[in-house]
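See below for input_29.txt, which holds compact mmCIF, C-alpha atoms.
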```txt
# COMPACT_ATOMS: atom_id res chain seq x y z
CA TRP R 442 -124.32 -30.18 -52.96
CA ILE R 443 -124.94 -32.15 -56.18
CA ASN R 444 -123.55 -29.31 -58.29
CA ARG R 445 -120.40 -29.24 -56.15
CA ALA R 446 -119.98 -32.99 -56.44
CA LEU R 447 -120.35 -32.93 -60.22
CA SER R 448 -118.11 -29.94 -60.80
CA VAL R 449 -114.41 -30.62 -61.28
CA HIS R 450 -112.13 -28.12 -59.60
CA ILE R 451 -108.93 -27.48 -61.54
CA PRO R 452 -106.15 -25.74 -59.58
CA ASP R 453 -104.97 -22.37 -60.86
CA PRO R 454 -101.40 -23.54 -61.64
CA LEU R 455 -102.76 -26.31 -63.85
CA LEU R 456 -104.97 -23.81 -65.64
CA ALA R 457 -101.96 -21.55 -66.20
CA VAL R 458 -99.86 -24.42 -67.53
CA GLY R 459 -102.68 -25.58 -69.79
CA SER R 460 -103.19 -22.05 -71.08
CA ALA R 461 -99.45 -21.64 -71.76
CA PHE R 462 -99.31 -24.97 -73.60
CA THR R 463 -102.42 -24.16 -75.65
CA GLN R 464 -101.11 -20.73 -76.66
CA SER R 465 -97.72 -22.21 -77.55
CA VAL R 466 -99.33 -24.85 -79.76
CA GLY R 467 -101.60 -22.26 -81.36
CA LEU R 468 -98.73 -19.91 -82.21
CA ALA R 469 -96.64 -22.84 -83.46
CA LEU R 470 -99.42 -23.91 -85.82
CA LEU R 471 -99.83 -20.33 -87.01
CA ALA R 472 -96.07 -20.12 -87.59
CA MET R 473 -96.08 -23.35 -89.60
CA LEU R 474 -98.96 -22.09 -91.73
CA LEU R 475 -97.34 -18.72 -92.39
CA MET R 476 -93.95 -20.24 -93.16
CA LEU R 477 -95.47 -22.30 -95.95
CA PHE R 478 -95.98 -19.03 -97.84
CA LEU R 479 -93.81 -16.37 -96.17
CA ALA R 480 -90.54 -18.13 -95.34
CA PRO R 481 -88.26 -15.68 -97.24
CA TYR R 482 -89.85 -12.69 -95.50
CA ALA R 483 -89.49 -14.26 -92.06
CA ASN R 484 -85.89 -15.14 -92.86
CA ARG R 485 -85.10 -11.49 -93.64
CA ILE R 486 -86.77 -10.31 -90.42
CA ALA R 487 -84.91 -12.87 -88.33
CA HIS R 488 -81.67 -11.88 -90.05
CA ALA R 489 -82.29 -8.21 -89.17
CA VAL R 490 -82.79 -9.09 -85.48
CA THR R 491 -79.62 -11.20 -85.54
CA VAL R 492 -77.27 -8.72 -87.22
CA GLN R 493 -78.69 -5.48 -85.77
CA PRO R 494 -80.49 -6.27 -82.49
CA LEU R 495 -79.90 -2.87 -80.88
CA THR R 496 -81.14 -0.98 -83.93
CA ALA R 497 -84.21 -3.21 -84.19
CA GLY R 498 -84.97 -2.86 -80.49
CA GLY R 499 -84.51 0.91 -80.56
CA LEU R 500 -86.73 1.29 -83.61
CA GLY R 501 -89.39 -0.91 -82.00
CA LEU R 502 -89.28 1.15 -78.79
CA LEU R 503 -89.50 4.39 -80.77
CA THR R 504 -92.50 3.03 -82.68
CA LEU R 505 -94.31 1.98 -79.51
CA ILE R 506 -93.72 5.44 -78.02
CA ALA R 507 -94.46 7.49 -81.12
CA ALA R 508 -97.70 5.73 -82.13
CA PRO R 509 -99.76 6.71 -79.03
CA ILE R 510 -98.34 10.25 -79.12
CA ALA R 511 -99.38 10.68 -82.76
CA ILE R 512 -102.88 9.40 -81.97
CA PHE R 513 -103.13 11.72 -78.95
CA LEU R 514 -102.10 14.73 -81.02
CA MET R 515 -104.83 13.92 -83.54
CA ILE R 516 -107.41 13.49 -80.78
CA ILE R 517 -106.76 16.90 -79.16
CA THR R 518 -107.73 18.56 -82.43
CA ILE R 519 -111.48 18.09 -82.45
CA ILE R 520 -111.69 18.00 -86.24
CA LEU R 521 -109.41 14.97 -86.50
CA ILE R 522 -111.17 12.81 -83.88
CA PRO R 523 -112.75 10.48 -86.50
CA VAL R 524 -109.39 10.24 -88.27
CA ALA R 525 -107.69 9.50 -84.93
CA ILE R 526 -110.10 6.66 -84.19
CA ILE R 527 -109.51 5.08 -87.59
CA ALA R 528 -105.75 5.65 -87.26
CA ALA R 529 -105.74 4.10 -83.78
CA VAL R 530 -107.43 0.95 -85.07
CA ILE R 531 -105.08 0.70 -88.06
CA ILE R 532 -101.95 1.34 -85.97
CA ALA R 533 -102.99 -1.14 -83.28
CA PHE R 534 -103.72 -3.80 -85.88
CA ALA R 535 -100.42 -3.13 -87.68
CA LEU R 536 -98.45 -3.34 -84.42
CA ILE R 537 -100.14 -6.62 -83.47
CA VAL R 538 -99.44 -8.10 -86.90
CA ALA R 539 -95.85 -6.84 -86.80
CA GLY R 540 -95.34 -8.19 -83.29
CA VAL R 541 -96.74 -11.63 -84.09
CA PHE R 542 -94.86 -11.89 -87.39
CA GLY R 543 -91.64 -10.76 -85.72
CA TRP R 544 -92.16 -13.26 -82.89
CA ILE R 545 -92.61 -16.01 -85.48
CA ALA R 546 -89.49 -14.87 -87.33
CA ILE R 547 -87.43 -15.01 -84.12
CA GLY R 548 -88.88 -18.43 -83.34
CA TYR R 549 -87.94 -19.51 -86.86
CA GLU R 550 -84.36 -18.40 -86.25
CA ILE R 551 -84.30 -20.41 -83.00
CA GLY R 552 -85.67 -23.46 -84.80
CA GLU R 553 -83.12 -23.10 -87.59
CA ARG R 554 -80.25 -22.90 -85.12
CA PHE R 555 -81.56 -25.94 -83.28
CA THR R 556 -81.75 -28.00 -86.46
CA LYS R 557 -78.21 -26.95 -87.39
CA ALA R 558 -77.01 -27.91 -83.90
CA ILE R 559 -78.37 -31.44 -84.31
CA HIS R 560 -77.06 -31.58 -87.91
CA GLN R 561 -80.49 -31.88 -89.49
CA THR R 562 -82.22 -30.07 -92.33
CA TRP R 563 -85.91 -29.45 -91.77
CA HIS R 564 -88.54 -27.68 -93.78
CA PRO R 565 -88.81 -24.01 -92.67
CA ALA R 566 -92.37 -24.63 -91.48
CA PHE R 567 -91.27 -27.37 -89.07
CA ALA R 568 -88.29 -25.34 -87.87
CA ALA R 569 -90.53 -22.32 -87.27
CA GLY R 570 -93.16 -24.40 -85.49
CA LEU R 571 -90.59 -25.91 -83.15
CA GLY R 572 -88.86 -22.60 -82.47
CA VAL R 573 -92.07 -20.65 -81.86
CA PHE R 574 -93.44 -23.42 -79.64
CA GLY R 575 -90.27 -23.45 -77.52
CA LEU R 576 -89.98 -19.66 -77.35
CA THR R 577 -93.62 -19.16 -76.40
CA LEU R 578 -93.67 -22.02 -73.90
CA VAL R 579 -90.55 -20.78 -72.13
CA ALA R 580 -91.89 -17.22 -72.00
CA LYS R 581 -95.27 -18.36 -70.66
CA ALA R 582 -93.72 -20.81 -68.20
CA LEU R 583 -91.38 -18.18 -66.75
CA ALA R 584 -94.30 -15.78 -66.43
CA ILE R 585 -96.00 -18.25 -64.05
CA VAL R 586 -93.03 -18.59 -61.69
CA PRO R 587 -93.15 -16.01 -58.86
CA GLY R 588 -90.08 -13.80 -58.66
CA VAL R 589 -89.05 -14.59 -62.22
CA ASN R 590 -92.19 -13.33 -63.95
CA CYS R 591 -91.04 -9.71 -63.89
CA ILE R 592 -87.75 -10.64 -65.59
CA SER R 593 -89.52 -12.83 -68.14
CA GLY R 594 -92.03 -10.07 -68.80
CA LEU R 595 -89.19 -7.64 -69.50
CA ALA R 596 -87.53 -10.18 -71.80
CA VAL R 597 -90.79 -10.66 -73.72
CA ILE R 598 -91.17 -6.89 -74.10
CA LEU R 599 -87.61 -6.61 -75.42
CA ILE R 600 -88.22 -9.45 -77.90
CA ILE R 601 -91.45 -7.83 -79.08
CA MET R 602 -89.73 -4.46 -79.48
CA ALA R 603 -86.91 -6.05 -81.47
CA SER R 604 -89.36 -7.99 -83.62
CA ILE R 605 -91.45 -4.89 -84.40
CA GLY R 606 -88.29 -2.94 -85.18
CA ALA R 607 -87.02 -5.69 -87.48
CA VAL R 608 -90.36 -5.81 -89.28
CA ILE R 609 -90.17 -2.06 -89.86
CA MET R 610 -86.50 -2.17 -90.88
CA THR R 611 -87.18 -4.83 -93.50
CA ARG R 612 -90.62 -3.47 -94.48
CA PHE R 613 -92.31 -6.71 -93.43
CA GLY R 614 -89.45 -8.78 -94.80
CA VAL R 615 -89.36 -7.24 -98.27
CA GLU R 616 -85.85 -5.77 -97.93
CA MET R 617 -82.68 -7.39 -96.64
CA VAL R 618 -80.75 -5.71 -93.83
CA SER R 619 -77.01 -6.13 -93.90
CA ALA R 620 -74.72 -6.31 -90.91
CA PRO R 621 -73.03 -3.05 -89.91
CA VAL R 622 -69.61 -2.67 -91.47
CA LYS R 623 -66.83 -2.67 -88.92
CA THR R 624 -64.34 0.06 -89.61
CA THR R 625 -60.76 -0.56 -88.60
CA ALA R 626 -58.31 2.21 -87.91
CA ILE R 627 -55.60 2.43 -90.53
CA THR R 628 -52.21 2.78 -88.91
CA PRO R 629 -49.59 4.67 -90.90
CA PRO R 630 -46.52 2.68 -91.84
CA THR R 631 -43.58 3.12 -89.54
CA PRO R 632 -40.69 4.97 -91.13
CA THR R 633 -37.67 2.78 -91.77
CA ASP R 634 -34.21 3.88 -90.83
CA GLN R 635 -32.23 4.89 -93.85
CA ASN R 636 -28.49 4.52 -93.80
CA PRO R 637 -26.69 7.58 -95.08
CA GLY R 638 -24.88 6.63 -98.19
```
Rewrite the structure from the file as structure tokens, please.
Amino acid sequence: WINRALSVHIPDPLLAVGSAFTQSVGLALLAMLLMLFLAPYANRIAHAVTVQPLTAGGLGLLTLIAAPIAIFLMIITIILIPVAIIAAVIIAFALIVAGVFGWIAIGYEIGERFTKAIHQTWHPAFAAGLGVFGLTLVAKALAIVPGVNCISGLAVILIIMASIGAVIMTRFGVEMVSAPVKTTAITPPTPTDQNPG
């Protein structure tokens, strides 16, 4: 009875909200720290997602499908089991790093657009922190709401796929990806009537 009286019961929704807020703050702080040193790389990744979202998403999906298949093919050959274990750890770590860095880059793009909308110029670290905090908080908040959580989960998966694809396209932000060139059909000139002379 004394233990029950001393223990504080926190409802599950409050725990979920607190967890979402804590994770959002943690990712925002990580984004601010990374942007102090890696702002140009994040800018290139965010640019790749903006100008080629379908290509980035497709490449991210292909990567998430191909990585487990490659590991499985190494596992079924008994000789390569130790190599497969090492490869699985490296691939999983690389995908996590790519996903987090891509998420931060997308959050940075959101923060940059917000600062332009309010006609302000902020340091990239602050813009990234605000964007990542908002993106993560919205994703976590929608995941709590019944009936919407499946849609928000799909949206988060699509964002992660696009971020991983953009990281691969830019080689972790080293290379710049340009927008696809729109080709326009050239219409032949219409023949002009010539008067017989």
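Using all atoms listed in the file, the residues found no farther than 9 Å from R:Arg485, other than those of its own chain fewer than 6 positions away, are Ala546, Ala607, Val608, Thr611, Phe613, Gly614, Val615, Glu616, Met617 and Val618 of chain R.
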- Query: What is the distance between atom CA of R:Ala620 and atom CA of R:Thr562, in Å to one decimal?
  - Reply: 25.0 Å
- Within 8 Å of R:Ile532 using only C-alpha atoms, minus same-chain residues under 4 positions, as a VMD selection string: chain R and resid 508 528 536
- Query: So how far away is atom CA of R:Glu553 from atom CA of R:Ala487, in Å?
  - Reply: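 Result for atom CA of R:Ala487 versus atom CA of R:Glu553: 10.4 Å, one decimal.
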- Item | Between atom CA of R:Leu503 and atom CA of R:Ala489, distance in Å (one decimal) |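 Calculated distance between atom CA of R:Leu503 and atom CA of R:Ala489 is 16.8 Å.
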Name all residues at most 12 Å from R:Ala480 (count all atoms listed in the file; drop same-chain ones fewer than 6 positions away) and give them as a PDB file with C-alpha atoms, in the coordinates of the input.
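File produced: out_19.pdb:
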```pdb
ATOM      1  CA  ALA R 472     -96.070 -20.120 -87.590  1.00  0.00           C
ATOM      2  CA  MET R 473     -96.080 -23.350 -89.600  1.00  0.00           C
ATOM      3  CA  LEU R 474     -98.960 -22.090 -91.730  1.00  0.00           C
ATOM      4  CA  ILE R 486     -86.770 -10.310 -90.420  1.00  0.00           C
ATOM      5  CA  ALA R 487     -84.910 -12.870 -88.330  1.00  0.00           C
ATOM      6  CA  PHE R 542     -94.860 -11.890 -87.390  1.00  0.00           C
ATOM      7  CA  ILE R 545     -92.610 -16.010 -85.480  1.00  0.00           C
ATOM      8  CA  ALA R 546     -89.490 -14.870 -87.330  1.00  0.00           C
ATOM      9  CA  TYR R 549     -87.940 -19.510 -86.860  1.00  0.00           C
ATOM     10  CA  GLU R 550     -84.360 -18.400 -86.250  1.00  0.00           C
ATOM     11  CA  GLU R 553     -83.120 -23.100 -87.590  1.00  0.00           C
ATOM     12  CA  HIS R 564     -88.540 -27.680 -93.780  1.00  0.00           C
ATOM     13  CA  PRO R 565     -88.810 -24.010 -92.670  1.00  0.00           C
ATOM     14  CA  ALA R 566     -92.370 -24.630 -91.480  1.00  0.00           C
ATOM     15  CA  PHE R 567     -91.270 -27.370 -89.070  1.00  0.00           C
ATOM     16  CA  ALA R 568     -88.290 -25.340 -87.870  1.00  0.00           C
ATOM     17  CA  ALA R 569     -90.530 -22.320 -87.270  1.00  0.00           C
ATOM     18  CA  GLY R 570     -93.160 -24.400 -85.490  1.00  0.00           C
ATOM     19  CA  PHE R 613     -92.310  -6.710 -93.430  1.00  0.00           C
ATOM     20  CA  GLY R 614     -89.450  -8.780 -94.800  1.00  0.00           C
ATOM     21  CA  VAL R 615     -89.360  -7.240 -98.270  1.00  0.00           C
TER      22      VAL R 615
END
```
- Counting all atoms listed in the file, write as a VMD selection string all protein and nucleic acid residues lying at most 10 Å from (-85.0, -8.9, -84.5) in the file's frame. chain R and resid 485 to 498 501 543 to 544 546 to 547 550 599 to 608 610
Atoms to include: C-alpha atoms. Write the selected residues as an mmCIF file, in the frame of the given file.
```
data_model
loop_
_atom_site.group_PDB
_atom_site.id
_atom_site.type_symbol
_atom_site.label_atom_id
_atom_site.label_comp_id
_atom_site.auth_asym_id
_atom_site.auth_seq_id
_atom_site.Cartn_x
_atom_site.Cartn_y
_atom_site.Cartn_z
ATOM 1 C CA ARG R 485 -85.100 -11.490 -93.640
ATOM 2 C CA ILE R 486 -86.770 -10.310 -90.420
ATOM 3 C CA ALA R 487 -84.910 -12.870 -88.330
ATOM 4 C CA HIS R 488 -81.670 -11.880 -90.050
ATOM 5 C CA ALA R 489 -82.290 -8.210 -89.170
ATOM 6 C CA VAL R 490 -82.790 -9.090 -85.480
ATOM 7 C CA THR R 491 -79.620 -11.200 -85.540
ATOM 8 C CA VAL R 492 -77.270 -8.720 -87.220
ATOM 9 C CA GLN R 493 -78.690 -5.480 -85.770
ATOM 10 C CA PRO R 494 -80.490 -6.270 -82.490
ATOM 11 C CA LEU R 495 -79.900 -2.870 -80.880
ATOM 12 C CA THR R 496 -81.140 -0.980 -83.930
ATOM 13 C CA ALA R 497 -84.210 -3.210 -84.190
ATOM 14 C CA GLY R 498 -84.970 -2.860 -80.490
ATOM 15 C CA GLY R 501 -89.390 -0.910 -82.000
ATOM 16 C CA GLY R 543 -91.640 -10.760 -85.720
ATOM 17 C CA TRP R 544 -92.160 -13.260 -82.890
ATOM 18 C CA ALA R 546 -89.490 -14.870 -87.330
ATOM 19 C CA ILE R 547 -87.430 -15.010 -84.120
ATOM 20 C CA GLU R 550 -84.360 -18.400 -86.250
ATOM 21 C CA LEU R 599 -87.610 -6.610 -75.420
ATOM 22 C CA ILE R 600 -88.220 -9.450 -77.900
ATOM 23 C CA ILE R 601 -91.450 -7.830 -79.080
ATOM 24 C CA MET R 602 -89.730 -4.460 -79.480
ATOM 25 C CA ALA R 603 -86.910 -6.050 -81.470
ATOM 26 C CA SER R 604 -89.360 -7.990 -83.620
ATOM 27 C CA ILE R 605 -91.450 -4.890 -84.400
ATOM 28 C CA GLY R 606 -88.290 -2.940 -85.180
ATOM 29 C CA ALA R 607 -87.020 -5.690 -87.480
ATOM 30 C CA VAL R 608 -90.360 -5.810 -89.280
ATOM 31 C CA MET R 610 -86.500 -2.170 -90.880
#
```
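Counting all atoms listed in the file and comparing R:Val589, R:Ala584, R:Ile609, R:Leu571, the residue that lies closest to R:Gly467 is R:Leu571.
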- Item | Distance criterion (only C-alpha atoms): nearest to R:Thr577 out of R:Ile592, R:Leu502, R:Ile551, R:Ile517 |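 Looking only at the distances to R:Thr577, the closest residue turns out to be R:Ile551.
By chain and then residue number, the residues within 12 Å of R:Ser465 are Val458, Gly459, Ser460, Leu470, Leu471, Ala472, Trp544, Ile545, Gly548, Gly570, Leu571, Gly572, Val573, Phe574, Gly575, Leu576, Thr577, Leu578, Val579, Ala580, Lys581 and Ala582 of chain R, counting all atoms listed in the file and disregarding those fewer than 5 positions away in sequence.
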